[in-house]
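Colleague: Structure supplied as entry20.txt; contents: compact mmCIF, C-alpha atoms (C1' of nucleotides) and all ligand atoms.
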# COMPACT_ATOMS: atom_id res chain seq x y z
CA MET A 202 202.05 -52.08 -65.02
CA PRO A 203 200.21 -55.35 -65.09
CA TRP A 204 197.99 -54.00 -67.84
CA LYS A 205 198.95 -54.28 -71.46
CA ASP A 206 197.25 -50.98 -72.34
CA GLY A 207 196.99 -48.04 -70.02
CA THR A 208 193.29 -48.44 -69.40
CA GLY A 209 191.97 -48.89 -65.92
CA PRO A 210 189.41 -51.67 -65.53
CA PRO A 211 186.20 -52.16 -63.52
CA TRP A 212 186.02 -55.77 -62.45
CA LEU A 213 186.53 -59.24 -63.93
CA HIS A 214 185.08 -59.04 -67.43
CA GLY A 215 186.02 -55.46 -67.87
CA LYS A 216 189.17 -55.80 -65.84
CA PHE A 217 190.34 -58.56 -68.09
CA LYS A 218 189.67 -56.72 -71.30
CA GLY A 219 191.23 -53.68 -69.75
CA CYS A 220 194.47 -55.62 -69.64
CA GLY A 221 194.29 -56.19 -73.37
CA TYR A 222 193.35 -59.83 -73.14
CA ARG A 223 190.34 -61.50 -74.74
CA MET A 224 187.53 -62.75 -72.60
CA THR A 225 186.97 -66.17 -74.02
CA ILE A 226 184.63 -68.94 -72.96
CA PRO A 227 187.32 -71.00 -71.23
CA ARG A 228 188.61 -67.96 -69.38
CA GLN A 229 185.12 -66.92 -68.38
CA GLY A 230 184.50 -70.43 -67.13
CA ILE A 231 187.63 -70.39 -65.04
CA LEU A 232 186.80 -67.00 -63.56
CA ASP A 233 183.27 -68.18 -62.83
CA VAL A 234 184.59 -71.16 -60.92
CA LEU A 235 186.96 -69.01 -58.93
CA ASN A 236 184.22 -66.51 -58.22
CA GLU A 237 181.71 -69.09 -57.04
CA THR A 238 183.86 -71.10 -54.69
CA ALA A 239 184.96 -70.45 -51.15
CA ASP A 240 187.69 -73.05 -51.37
CA HIS A 241 191.30 -72.82 -52.41
CA LEU A 242 191.29 -74.81 -55.62
CA SER A 243 194.18 -76.42 -57.44
CA ALA A 244 194.57 -76.16 -61.20
CA GLU A 245 193.14 -79.63 -61.59
CA ASP A 246 190.23 -78.83 -59.27
CA ILE A 247 189.40 -75.90 -61.49
CA TYR A 248 189.83 -77.98 -64.61
CA HIS A 249 187.29 -80.50 -63.41
CA LYS A 250 184.78 -77.86 -62.38
CA VAL A 251 185.01 -75.97 -65.64
CA HIS A 252 184.84 -79.24 -67.52
CA GLY A 253 181.22 -79.61 -66.45
CA ALA A 254 180.21 -76.49 -68.34
CA TYR A 255 182.81 -76.66 -71.13
CA PRO A 256 183.87 -80.27 -71.70
CA SER A 257 186.31 -79.35 -74.42
CA ILE A 258 188.56 -77.31 -72.17
CA GLY A 259 192.11 -78.54 -71.71
CA LEU A 260 194.16 -78.61 -68.55
CA THR A 261 196.84 -76.64 -70.34
CA THR A 262 194.45 -73.77 -70.85
CA VAL A 263 193.63 -73.79 -67.16
CA TYR A 264 197.29 -73.49 -66.26
CA ARG A 265 197.85 -70.80 -68.85
CA THR A 266 194.87 -68.77 -67.76
CA LEU A 267 195.82 -69.02 -64.11
CA GLU A 268 199.32 -67.86 -64.91
CA LEU A 269 197.79 -64.90 -66.70
CA LEU A 270 195.44 -64.10 -63.85
CA VAL A 271 198.22 -64.30 -61.28
CA HIS A 272 200.44 -62.10 -63.40
CA THR A 273 197.76 -59.45 -63.77
CA GLY A 274 197.05 -59.58 -60.06
CA LEU A 275 193.47 -60.81 -60.34
CA VAL A 276 194.30 -64.08 -58.65
CA TYR A 277 196.61 -65.09 -55.83
CA ARG A 278 198.62 -68.26 -55.98
CA PHE A 279 199.41 -70.02 -52.71
CA ASP A 280 201.55 -72.90 -51.61
CA PHE A 281 200.13 -74.64 -48.59
CA GLY A 282 202.64 -77.45 -48.63
CA ASP A 283 200.63 -80.21 -50.27
CA GLY A 284 202.67 -80.22 -53.45
CA ARG A 285 200.30 -78.30 -55.68
CA ALA A 286 199.60 -74.63 -56.13
CA ARG A 287 196.23 -73.30 -55.03
CA TYR A 288 194.40 -70.29 -56.34
CA GLU A 289 192.06 -67.68 -54.98
CA LEU A 290 190.37 -64.67 -56.52
CA ALA A 291 192.20 -61.60 -55.27
CA GLU A 292 189.09 -59.56 -54.64
CA GLY A 293 185.58 -59.02 -55.85
CA PRO A 294 181.91 -58.98 -54.87
CA LYS A 295 181.95 -62.34 -53.15
CA SER A 296 185.42 -61.95 -51.68
CA ILE A 297 185.80 -61.63 -47.95
CA GLY A 298 188.51 -59.13 -48.63
CA HIS A 299 192.16 -59.28 -47.73
CA HIS A 300 192.80 -62.10 -45.33
CA HIS A 301 195.42 -64.51 -44.09
CA HIS A 302 195.40 -68.26 -43.67
CA LEU A 303 195.46 -70.94 -41.03
CA VAL A 304 196.90 -74.15 -42.47
CA CYS A 305 196.16 -77.42 -40.70
CA THR A 306 199.16 -79.69 -41.04
CA GLY A 307 196.99 -82.63 -40.05
CA CYS A 308 194.27 -82.63 -42.71
CA GLY A 309 195.29 -79.81 -45.01
CA ARG A 310 192.26 -77.71 -44.18
CA ILE A 311 192.62 -74.01 -44.91
CA ILE A 312 190.86 -71.42 -42.78
CA ASP A 313 190.52 -67.83 -43.97
CA TYR A 314 190.60 -65.28 -41.21
CA THR A 315 190.20 -61.54 -41.20
CA ASP A 316 190.38 -61.10 -37.46
CA PHE A 317 193.20 -58.85 -36.36
CA ILE A 318 193.84 -58.04 -40.00
CA GLU A 319 193.78 -54.34 -39.26
CA GLU A 320 196.39 -54.66 -36.56
CA GLU A 321 198.47 -56.97 -38.70
CA ILE A 322 198.30 -54.70 -41.71
CA GLU A 323 199.21 -51.72 -39.57
CA LEU A 324 202.28 -53.45 -38.22
CA LEU A 325 203.20 -54.76 -41.66
CA LYS A 326 202.99 -51.25 -43.00
CA GLN A 327 205.43 -49.99 -40.39
CA THR A 328 207.70 -52.97 -40.91
CA GLU A 329 207.64 -52.42 -44.64
CA LYS A 330 208.64 -48.83 -44.20
CA GLY A 331 211.56 -49.78 -42.00
CA LEU A 332 212.69 -52.57 -44.30
CA THR A 333 212.48 -50.32 -47.33
CA LYS A 334 214.70 -47.82 -45.58
CA LYS A 335 217.25 -50.32 -44.35
CA TYR A 336 217.41 -52.74 -47.25
CA LYS A 337 216.22 -50.50 -50.09
CA PHE A 338 213.68 -53.22 -50.74
CA ARG A 339 210.41 -52.25 -52.42
CA VAL A 340 207.67 -54.42 -50.95
CA THR A 341 204.80 -55.27 -53.27
CA ASN A 342 203.16 -58.09 -51.40
CA HIS A 343 203.24 -60.05 -48.19
CA LEU A 344 202.41 -63.54 -47.03
CA ILE A 345 201.28 -64.55 -43.58
CA GLN A 346 200.29 -68.07 -42.67
CA PHE A 347 199.84 -69.85 -39.38
CA TYR A 348 200.49 -73.56 -39.31
CA GLY A 349 199.06 -75.91 -36.74
CA LEU A 350 196.20 -78.27 -36.01
CA CYS A 351 192.53 -77.56 -36.57
CA GLU A 352 189.99 -78.52 -33.96
CA ALA A 353 189.20 -81.85 -35.60
CA CYS A 354 192.85 -82.83 -35.83
CA GLN A 355 193.76 -82.08 -32.22
CA GLY A 356 192.09 -85.19 -30.86
CA THR A 357 194.17 -87.61 -32.87
CA GLY A 358 197.43 -87.00 -30.98
CA MET B 45 232.06 -88.81 -28.33
CA PRO B 46 232.77 -90.88 -31.40
CA TRP B 47 232.52 -88.25 -34.11
CA LYS B 48 233.39 -90.09 -37.25
CA ASP B 49 234.91 -87.27 -39.15
CA GLY B 50 232.90 -84.10 -38.98
CA THR B 51 233.73 -81.04 -37.01
CA GLY B 52 230.03 -80.52 -36.87
CA PRO B 53 227.82 -79.14 -34.19
CA PRO B 54 227.66 -81.40 -31.16
CA TRP B 55 224.58 -79.53 -30.03
CA LEU B 56 222.66 -81.66 -32.48
CA HIS B 57 223.93 -85.02 -31.35
CA GLY B 58 221.67 -85.42 -28.36
CA LYS B 59 218.62 -84.28 -30.23
CA PHE B 60 219.29 -86.76 -32.97
CA LYS B 61 219.90 -89.73 -30.77
CA GLY B 62 217.12 -88.69 -28.49
CA CYS B 63 214.79 -89.33 -31.39
CA GLY B 64 216.34 -92.75 -31.98
CA TYR B 65 218.34 -91.77 -35.04
CA ARG B 66 221.97 -92.45 -35.80
CA MET B 67 224.47 -89.74 -36.50
CA THR B 68 226.06 -91.06 -39.66
CA ILE B 69 228.68 -89.57 -41.95
CA PRO B 70 226.22 -88.47 -44.63
CA ARG B 71 223.97 -86.86 -42.03
CA GLN B 72 226.92 -85.18 -40.39
CA GLY B 73 228.00 -83.86 -43.75
CA ILE B 74 224.57 -82.45 -44.48
CA LEU B 75 224.40 -80.79 -41.08
CA ASP B 76 227.89 -79.37 -41.58
CA VAL B 77 226.87 -77.82 -44.86
CA LEU B 78 223.74 -76.32 -43.35
CA ASN B 79 225.72 -75.03 -40.41
CA GLU B 80 228.40 -73.38 -42.49
CA THR B 81 226.29 -71.55 -45.03
CA ALA B 82 224.38 -68.32 -44.79
CA ASP B 83 222.35 -69.13 -47.88
CA HIS B 84 219.06 -70.89 -48.34
CA LEU B 85 220.14 -74.06 -50.10
CA SER B 86 218.07 -76.47 -52.14
CA ALA B 87 218.39 -80.22 -51.76
CA GLU B 88 220.57 -80.34 -54.85
CA ASP B 89 222.73 -77.46 -53.60
CA ILE B 90 223.35 -79.41 -50.43
CA TYR B 91 224.00 -82.58 -52.38
CA HIS B 92 226.72 -80.91 -54.42
CA LYS B 93 228.35 -79.34 -51.37
CA VAL B 94 228.40 -82.55 -49.38
CA HIS B 95 229.64 -84.40 -52.42
CA GLY B 96 232.95 -82.60 -52.10
CA ALA B 97 233.64 -84.21 -48.74
CA TYR B 98 231.72 -87.47 -49.28
CA PRO B 99 231.60 -88.29 -52.99
CA SER B 100 229.63 -91.45 -52.45
CA ILE B 101 226.61 -89.70 -51.04
CA GLY B 102 223.38 -90.03 -52.99
CA LEU B 103 220.80 -87.37 -53.67
CA THR B 104 218.18 -89.64 -52.18
CA THR B 105 219.97 -89.61 -48.86
CA VAL B 106 220.01 -85.83 -48.91
CA TYR B 107 216.28 -85.71 -49.43
CA ARG B 108 215.68 -88.32 -46.76
CA THR B 109 217.90 -86.61 -44.22
CA LEU B 110 216.31 -83.25 -44.86
CA GLU B 111 212.87 -84.77 -44.40
CA LEU B 112 214.10 -86.16 -41.11
CA LEU B 113 215.58 -82.86 -39.99
CA VAL B 114 212.45 -80.95 -40.90
CA HIS B 115 210.30 -83.46 -39.10
CA THR B 116 212.36 -83.23 -35.93
CA GLY B 117 212.31 -79.45 -36.11
CA LEU B 118 216.05 -78.98 -36.56
CA VAL B 119 215.62 -77.54 -40.03
CA TYR B 120 213.06 -75.28 -41.65
CA ARG B 121 211.84 -75.87 -45.16
CA PHE B 122 210.78 -72.88 -47.23
CA ASP B 123 209.11 -72.30 -50.54
CA PHE B 124 210.22 -69.05 -52.14
CA GLY B 125 208.40 -69.65 -55.37
CA ASP B 126 211.22 -70.89 -57.57
CA GLY B 127 209.93 -74.43 -57.82
CA ARG B 128 212.24 -76.07 -55.33
CA ALA B 129 212.25 -76.31 -51.56
CA ARG B 130 214.97 -74.51 -49.67
CA TYR B 131 216.37 -75.36 -46.28
CA GLU B 132 217.78 -73.52 -43.32
CA LEU B 133 219.09 -74.64 -39.95
CA ALA B 134 216.47 -73.77 -37.36
CA GLU B 135 218.91 -72.48 -34.79
CA GLY B 136 222.43 -72.83 -33.59
CA PRO B 137 225.70 -71.01 -32.89
CA LYS B 138 225.98 -69.42 -36.29
CA SER B 139 222.27 -68.76 -36.63
CA ILE B 140 221.05 -65.21 -36.57
CA GLY B 141 218.07 -66.45 -34.64
CA HIS B 142 214.44 -66.36 -35.55
CA HIS B 143 213.92 -64.17 -38.58
CA HIS B 144 211.67 -63.55 -41.53
CA HIS B 145 212.39 -63.17 -45.22
CA LEU B 146 212.35 -60.64 -48.01
CA VAL B 147 211.96 -62.38 -51.35
CA CYS B 148 212.98 -60.53 -54.50
CA THR B 149 210.66 -61.54 -57.32
CA GLY B 150 213.15 -60.13 -59.80
CA CYS B 151 216.29 -62.15 -59.10
CA GLY B 152 215.20 -64.57 -56.41
CA ARG B 153 217.49 -63.11 -53.80
CA ILE B 154 216.52 -63.84 -50.21
CA ILE B 155 217.21 -61.38 -47.43
CA ASP B 156 217.02 -62.41 -43.79
CA TYR B 157 215.85 -59.72 -41.47
CA THR B 158 215.45 -59.57 -37.73
CA ASP B 159 214.40 -55.95 -37.55
CA PHE B 160 211.00 -55.46 -36.00
CA ILE B 161 210.96 -59.13 -35.14
CA GLU B 162 210.08 -58.36 -31.54
CA GLU B 163 207.09 -56.30 -32.55
CA GLU B 164 206.04 -58.85 -35.11
CA ILE B 165 206.34 -61.72 -32.69
CA GLU B 166 204.40 -59.80 -30.09
CA LEU B 167 201.55 -59.15 -32.50
CA LEU B 168 201.67 -62.73 -33.75
CA LYS B 169 201.38 -63.94 -30.20
CA GLN B 170 198.26 -61.90 -29.64
CA THR B 171 196.84 -62.94 -32.99
CA GLU B 172 197.53 -66.56 -32.22
CA LYS B 173 195.71 -66.28 -28.95
CA GLY B 174 192.66 -64.79 -30.61
CA LEU B 175 192.68 -67.31 -33.42
CA THR B 176 193.01 -70.19 -31.01
CA LYS B 177 190.00 -68.93 -29.13
CA LYS B 178 187.84 -68.29 -32.17
CA TYR B 179 188.79 -71.20 -34.42
CA LYS B 180 190.03 -73.68 -31.80
CA PHE B 181 193.17 -73.81 -33.91
CA ARG B 182 196.42 -74.75 -32.20
CA VAL B 183 199.19 -72.76 -33.82
CA THR B 184 202.60 -74.42 -33.93
CA ASN B 185 204.39 -72.28 -36.45
CA HIS B 186 204.09 -69.19 -38.55
CA LEU B 187 205.37 -67.90 -41.86
CA ILE B 188 205.95 -64.30 -42.81
CA GLN B 189 207.46 -63.24 -46.09
CA PHE B 190 207.60 -59.95 -47.92
CA TYR B 191 207.73 -60.05 -51.70
CA GLY B 192 209.07 -57.27 -53.85
CA LEU B 193 212.17 -55.98 -55.59
CA CYS B 194 215.63 -55.74 -54.12
CA GLU B 195 217.73 -52.66 -54.68
CA ALA B 196 219.53 -54.11 -57.69
CA CYS B 197 216.27 -55.12 -59.37
CA GLN B 198 214.52 -51.78 -59.01
CA GLY B 199 216.54 -50.11 -61.75
CA THR B 200 215.35 -52.45 -64.48
CA GLY B 201 211.76 -51.21 -64.52
C1' DA C 213 235.34 -110.80 -31.50
C1' DT C 214 231.20 -112.83 -33.63
C1' DT C 215 226.62 -112.83 -34.40
C1' DT C 216 222.21 -110.72 -35.12
C1' DA C 217 218.65 -107.48 -35.83
C1' DT C 218 217.79 -103.19 -37.49
C1' DA C 219 218.74 -98.68 -39.47
C1' DT C 220 220.71 -96.49 -43.31
C1' DT C 221 222.28 -95.99 -47.81
C1' DG C 222 222.39 -95.28 -52.89
C1' DA C 223 221.25 -96.76 -57.70
C1' DT C 224 217.30 -96.92 -60.17
C1' DA C 225 212.70 -96.38 -61.54
C1' DA C 226 208.34 -94.13 -60.81
C1' DT C 227 205.42 -90.27 -59.72
C1' DG C 228 203.09 -86.11 -60.49
C1' DA C 229 202.64 -81.25 -61.11
C1' DT C 230 203.84 -77.92 -64.26
C1' DT C 231 205.82 -76.32 -69.07
C1' DA C 232 207.10 -76.48 -73.77
C1' DT C 233 205.69 -77.63 -78.63
C1' DC C 234 202.95 -77.13 -82.36
C1' DA C 235 199.24 -77.61 -85.46
C1' DT C 236 194.51 -75.94 -85.40
C1' DT C 237 190.92 -72.83 -84.27
C1' DT C 238 189.00 -68.42 -82.79
C1' DC C 239 188.91 -63.63 -82.51
C1' DC C 240 189.15 -58.86 -84.06
C1' DA C 241 190.35 -55.01 -86.95
C1' DT C 242 190.53 -53.94 -91.48
C1' DA D 297 185.15 -61.63 -96.19
C1' DT D 298 190.20 -61.67 -95.07
C1' DG D 299 194.64 -61.64 -92.93
C1' DG D 300 197.21 -61.72 -88.86
C1' DA D 301 197.50 -62.12 -84.05
C1' DA D 302 195.81 -64.49 -80.01
C1' DA D 303 194.11 -68.51 -77.90
C1' DT D 304 193.35 -73.36 -77.57
C1' DG D 305 194.12 -78.31 -76.68
C1' DA D 306 196.48 -82.75 -77.55
C1' DT D 307 200.78 -84.36 -76.78
C1' DA D 308 205.37 -84.74 -75.24
C1' DA D 309 208.96 -83.08 -72.28
C1' DT D 310 210.79 -81.20 -67.63
C1' DC D 311 212.10 -81.62 -63.31
C1' DA D 312 211.76 -81.87 -58.30
C1' DT D 313 210.56 -85.20 -55.23
C1' DT D 314 209.29 -90.28 -53.76
C1' DA D 315 209.05 -95.15 -53.88
C1' DT D 316 211.65 -99.64 -54.41
C1' DC D 317 214.88 -102.70 -53.08
C1' DA D 318 219.16 -104.99 -52.66
C1' DA D 319 223.50 -103.90 -50.36
C1' DT D 320 225.87 -101.93 -46.46
C1' DA D 321 226.82 -99.96 -41.97
C1' DT D 322 225.71 -99.68 -37.19
C1' DA D 323 224.62 -100.81 -32.38
C1' DA D 324 223.39 -104.20 -29.28
C1' DA D 325 223.58 -109.01 -27.75
C1' DT D 326 226.11 -113.08 -27.33
MN MN E 401 191.89 -67.64 -48.63
MN MN E 402 216.66 -67.26 -43.60
ZN ZN E 403 192.92 -80.53 -39.59
ZN ZN E 404 216.50 -58.78 -56.95
Starting from the file, give its structure as structure tokens.
Ligand SMILES: [Mn+2]
Ligand SMILES: [Mn+2]
Ligand SMILES: [Zn+2]
Ligand SMILES: [Zn+2]
Modeller:
Amino acid sequence: MPWKDGTGPPWLHGKFKGCGYRMTIPRQGILDVLNETADHLSAEDIYHKVHGAYPSIGLTTVYRTLELLVHTGLVYRFDFGDGRARYELAEGPKSIGHHHHLVCTGCGRIIDYTDFIEEEIELLKQTEKGLTKKYKFRVTNHLIQFYGLCEACQGTG
Amino acid sequence: MPWKDGTGPPWLHGKFKGCGYRMTIPRQGILDVLNETADHLSAEDIYHKVHGAYPSIGLTTVYRTLELLVHTGLVYRFDFGDGRARYELAEGPKSIGHHHHLVCTGCGRIIDYTDFIEEEIELLKQTEKGLTKKYKFRVTNHLIQFYGLCEACQGTG
DNA sequence: ATTTATATTGATAATGATTATCATTTCCAT
DNA sequence: ATGGAAATGATAATCATTATCAATATAAAT
């Protein structure tokens, strides 16, 4: 289980405490930043944003908290190929829900999409079942990304 | 054709020269290694393997050649979450063809699978078409990975 | 074959994101 | 309040990947 205790959590604040961790000011700040943005922020992005509200925060704490959040499943970590990890709140009030990504190899822009998600998830479910049977592999997560050029980057051949 | 030493795949020669590059001994060695393995090697893995045949090769050359190969589309670069890029020949005689990956988060093992590929590709094609229409995004590539635990790693709960 | 221009190489240093240390501070249960 | 565990932040260390740059290898031109 990702939770230290056996308690099931509501959301964020409660979800965090439910895992047996303390909800501190730096952690709250980091969660706030993640909850208020629509972007896919890097650790340093988050550090700078939190720094506005809590100037004493250290970059190390940001990395540590993100590691914690990823481990507990509250946050997803992505690699879009620009050399730094990027983070996104797994789900919550402001979340658009489960989605996949379009990654522009021209400008690095990331587009969330939920279109066709149902069909994709349905196929993934079937695929998972088959793979589990054949390879005895227990799937816990999946990653789907499309790479290409966004509208703005198609002009500059 | 003047193949310096390698027994390597001639099916790459034209593509290489067609792009204005020279087929040198270090490059041939790197391609040989990629062509002979079924694993997903890191740059350093490749460096060590090529070093057996060409001890004077430098790690820098490996990185540069891989960058070249990825850029020309002959090689795919993957990130499986272990902090280093891994490489795989895009296609060729010994290739199993287009496939996706199962990534064990327990031991790092990578499993190639081609099962359900047809169905997946078919759905991806449709999804691509819809995404192109809605987001004006020109898809050139896609990435699908399943994360979970391999058979050996499921025992150690 | 000799020359010439260019592509390629490899040793080395630099970069930059992420981790490891560790002393200090904060939190919580007693 | 108090003691112990958890969390923090400044700093140094890792480590994969890139940037430099002088030396070498290659292909074309003479
Ligand atoms: Mn997203
Ligand atoms: Mn593979
Ligand atoms: Zn773009
Ligand atoms: Zn495993």
Colleague: Set the distance at 9 Å and use all atoms listed in the file: which residues neighbour A:Thr261 once local chain neighbours fewer than 5 positions away are removed? I'd like the list as an NGL selection string.
Modeller: (:A and (266)) or (:D and (304-305))
Colleague: Can you pull out the residues contacting C:DT224? Cut-off 12 Å, using all atoms listed in the file, and skip same-chain residues under 4 positions away; I want them as a PyMOL selection string.
Modeller: (chain B and resi 102+104) or (chain D and resi 315-318)
Colleague: Select residues of chain C: the criterion is any atom within 12 Å of an atom of chain A, counting only C-alpha atoms (C1' of nucleotides); output as a PyMOL selection string.
Modeller: chain C and resi 228-232+238-240
Colleague: Give chain A as a compact mmCIF listing (two decimals) with C-alpha atoms, keeping the file's coordinate frame once it has been least-squares superposed onto chain B over every C-alpha atom, paired in order.
Modeller:
# COMPACT_ATOMS: atom_id res chain seq x y z
CA MET A 202 209.81 -85.60 -29.36
CA PRO A 203 212.02 -85.20 -32.37
CA TRP A 204 214.69 -87.24 -30.64
CA LYS A 205 214.78 -90.98 -30.89
CA ASP A 206 216.20 -91.35 -27.37
CA GLY A 207 215.45 -89.03 -24.52
CA THR A 208 218.87 -87.44 -24.48
CA GLY A 209 219.26 -83.74 -24.90
CA PRO A 210 221.97 -82.69 -27.36
CA PRO A 211 224.56 -79.89 -27.52
CA TRP A 212 224.92 -78.83 -31.12
CA LEU A 213 225.28 -80.42 -34.57
CA HIS A 214 227.57 -83.40 -34.04
CA GLY A 215 226.32 -84.05 -30.59
CA LYS A 216 222.82 -82.95 -31.41
CA PHE A 217 222.66 -85.45 -34.20
CA LYS A 218 223.92 -88.35 -32.16
CA GLY A 219 221.62 -87.26 -29.40
CA CYS A 220 218.75 -88.03 -31.73
CA GLY A 221 219.99 -91.58 -32.12
CA TYR A 222 221.30 -91.13 -35.62
CA ARG A 223 224.82 -91.87 -36.84
CA MET A 224 227.10 -89.06 -37.81
CA THR A 225 228.46 -90.30 -41.08
CA ILE A 226 230.78 -88.66 -43.57
CA PRO A 227 228.02 -87.73 -46.02
CA ARG A 228 225.89 -86.28 -43.25
CA GLN A 229 228.82 -84.37 -41.82
CA GLY A 230 229.54 -83.02 -45.27
CA ILE A 231 225.99 -81.85 -45.71
CA LEU A 232 225.95 -80.18 -42.31
CA ASP A 233 229.28 -78.53 -43.07
CA VAL A 234 227.90 -77.07 -46.26
CA LEU A 235 224.83 -75.78 -44.51
CA ASN A 236 226.92 -74.34 -41.72
CA GLU A 237 229.35 -72.54 -44.01
CA THR A 238 226.93 -70.87 -46.37
CA ALA A 239 224.85 -67.75 -46.01
CA ASP A 240 222.65 -68.72 -48.92
CA HIS A 241 219.45 -70.69 -49.10
CA LEU A 242 220.57 -73.79 -50.94
CA SER A 243 218.51 -76.33 -52.82
CA ALA A 244 219.10 -80.06 -52.46
CA GLU A 245 221.03 -80.07 -55.70
CA ASP A 246 223.08 -77.04 -54.64
CA ILE A 247 224.08 -78.94 -51.54
CA TYR A 248 224.77 -82.07 -53.53
CA HIS A 249 227.21 -80.25 -55.76
CA LYS A 250 228.99 -78.57 -52.87
CA VAL A 251 229.39 -81.76 -50.89
CA HIS A 252 230.48 -83.54 -54.03
CA GLY A 253 233.70 -81.54 -53.99
CA ALA A 254 234.76 -83.07 -50.70
CA TYR A 255 233.04 -86.45 -51.08
CA PRO A 256 232.65 -87.31 -54.76
CA SER A 257 230.93 -90.58 -54.04
CA ILE A 258 227.91 -89.01 -52.39
CA GLY A 259 224.56 -89.53 -54.08
CA LEU A 260 221.77 -87.04 -54.53
CA THR A 261 219.43 -89.47 -52.84
CA THR A 262 221.47 -89.30 -49.68
CA VAL A 263 221.27 -85.53 -49.74
CA TYR A 264 217.50 -85.64 -49.94
CA ARG A 265 217.30 -88.27 -47.24
CA THR A 266 219.59 -86.41 -44.90
CA LEU A 267 217.75 -83.15 -45.41
CA GLU A 268 214.46 -84.86 -44.67
CA LEU A 269 216.01 -86.15 -41.47
CA LEU A 270 217.39 -82.77 -40.50
CA VAL A 271 214.08 -81.04 -41.15
CA HIS A 272 212.24 -83.67 -39.16
CA THR A 273 214.55 -83.29 -36.18
CA GLY A 274 214.25 -79.53 -36.38
CA LEU A 275 217.91 -78.84 -37.14
CA VAL A 276 217.09 -77.45 -40.55
CA TYR A 277 214.27 -75.37 -41.96
CA ARG A 278 212.81 -76.07 -45.34
CA PHE A 279 211.41 -73.15 -47.32
CA ASP A 280 209.46 -72.68 -50.49
CA PHE A 281 210.24 -69.40 -52.16
CA GLY A 282 208.22 -70.13 -55.26
CA ASP A 283 210.94 -71.19 -57.68
CA GLY A 284 209.84 -74.80 -57.81
CA ARG A 285 212.44 -76.30 -55.52
CA ALA A 286 212.75 -76.52 -51.78
CA ARG A 287 215.50 -74.54 -50.08
CA TYR A 288 217.20 -75.29 -46.81
CA GLU A 289 218.73 -73.34 -43.99
CA LEU A 290 220.36 -74.35 -40.73
CA ALA A 291 217.87 -73.62 -37.97
CA GLU A 292 220.41 -72.16 -35.59
CA GLY A 293 224.01 -72.38 -34.56
CA PRO A 294 227.25 -70.45 -34.10
CA LYS A 295 227.20 -68.82 -37.51
CA SER A 296 223.44 -68.34 -37.62
CA ILE A 297 222.04 -64.85 -37.50
CA GLY A 298 219.31 -66.22 -35.33
CA HIS A 299 215.60 -66.33 -35.97
CA HIS A 300 214.72 -64.21 -38.95
CA HIS A 301 212.21 -63.74 -41.72
CA HIS A 302 212.61 -63.35 -45.45
CA LEU A 303 212.20 -60.84 -48.22
CA VAL A 304 211.63 -62.63 -51.52
CA CYS A 305 212.29 -60.75 -54.75
CA THR A 306 209.82 -61.90 -57.36
CA GLY A 307 212.01 -60.38 -60.04
CA CYS A 308 215.32 -62.21 -59.59
CA GLY A 309 214.58 -64.68 -56.83
CA ARG A 310 216.98 -63.05 -54.40
CA ILE A 311 216.34 -63.83 -50.75
CA ILE A 312 217.12 -61.29 -48.05
CA ASP A 313 217.29 -62.32 -44.40
CA TYR A 314 216.14 -59.67 -42.00
CA THR A 315 216.03 -59.53 -38.24
CA ASP A 316 214.81 -55.97 -37.98
CA PHE A 317 211.52 -55.66 -36.14
CA ILE A 318 211.78 -59.33 -35.27
CA GLU A 319 211.15 -58.58 -31.63
CA GLU A 320 207.98 -56.69 -32.38
CA GLU A 321 206.87 -59.32 -34.84
CA ILE A 322 207.53 -62.16 -32.45
CA GLU A 323 205.70 -60.33 -29.70
CA LEU A 324 202.64 -59.86 -31.85
CA LEU A 325 202.85 -63.43 -33.12
CA LYS A 326 202.95 -64.65 -29.56
CA GLN A 327 199.76 -62.78 -28.72
CA THR A 328 198.12 -63.91 -31.94
CA GLU A 329 199.10 -67.48 -31.23
CA LYS A 330 197.55 -67.31 -27.82
CA GLY A 331 194.30 -65.98 -29.21
CA LEU A 332 194.20 -68.52 -32.03
CA THR A 333 194.91 -71.37 -29.65
CA LYS A 334 192.00 -70.26 -27.52
CA LYS A 335 189.57 -69.78 -30.36
CA TYR A 336 190.50 -72.63 -32.66
CA LYS A 337 192.10 -75.03 -30.18
CA PHE A 338 195.06 -74.99 -32.53
CA ARG A 339 198.50 -75.72 -31.09
CA VAL A 340 201.01 -73.58 -32.96
CA THR A 341 204.48 -75.05 -33.35
CA ASN A 342 205.92 -72.82 -36.02
CA HIS A 343 205.24 -69.76 -38.10
CA LEU A 344 206.19 -68.44 -41.51
CA ILE A 345 206.48 -64.82 -42.51
CA GLN A 346 207.64 -63.70 -45.91
CA PHE A 347 207.43 -60.42 -47.75
CA TYR A 348 207.28 -60.55 -51.52
CA GLY A 349 208.27 -57.71 -53.77
CA LEU A 350 211.12 -56.25 -55.79
CA CYS A 351 214.68 -55.79 -54.60
CA GLU A 352 216.53 -52.60 -55.34
CA ALA A 353 218.16 -53.99 -58.48
CA CYS A 354 214.87 -55.20 -59.90
CA GLN A 355 212.94 -51.96 -59.41
CA GLY A 356 214.58 -50.22 -62.34
CA THR A 357 213.45 -52.73 -64.92
CA GLY A 358 209.75 -51.79 -64.80
Colleague: 12 Å from ligand ZN 403 (chain E) is the threshold here; counting only C-alpha atoms (C1' of nucleotides) and all ligand atoms, which polymer residues fall inside it? Answer as a VMD selection string.
Modeller: (chain A and resid 303 to 312 348 to 358) or (chain B and resid 179 to 183)
Colleague: State, in Å with one decimal place, the distance from atom CA of B:Leu112 to atom CA of B:Ile69.
Modeller: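 Distance between the two atoms: 15.0 Å.
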Colleague: Quote the spacing between atom CA of A:Ile247 and atom CA of A:Arg278 in Å to one decimal place.
Modeller: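 These atoms are spaced 13.2 Å apart.
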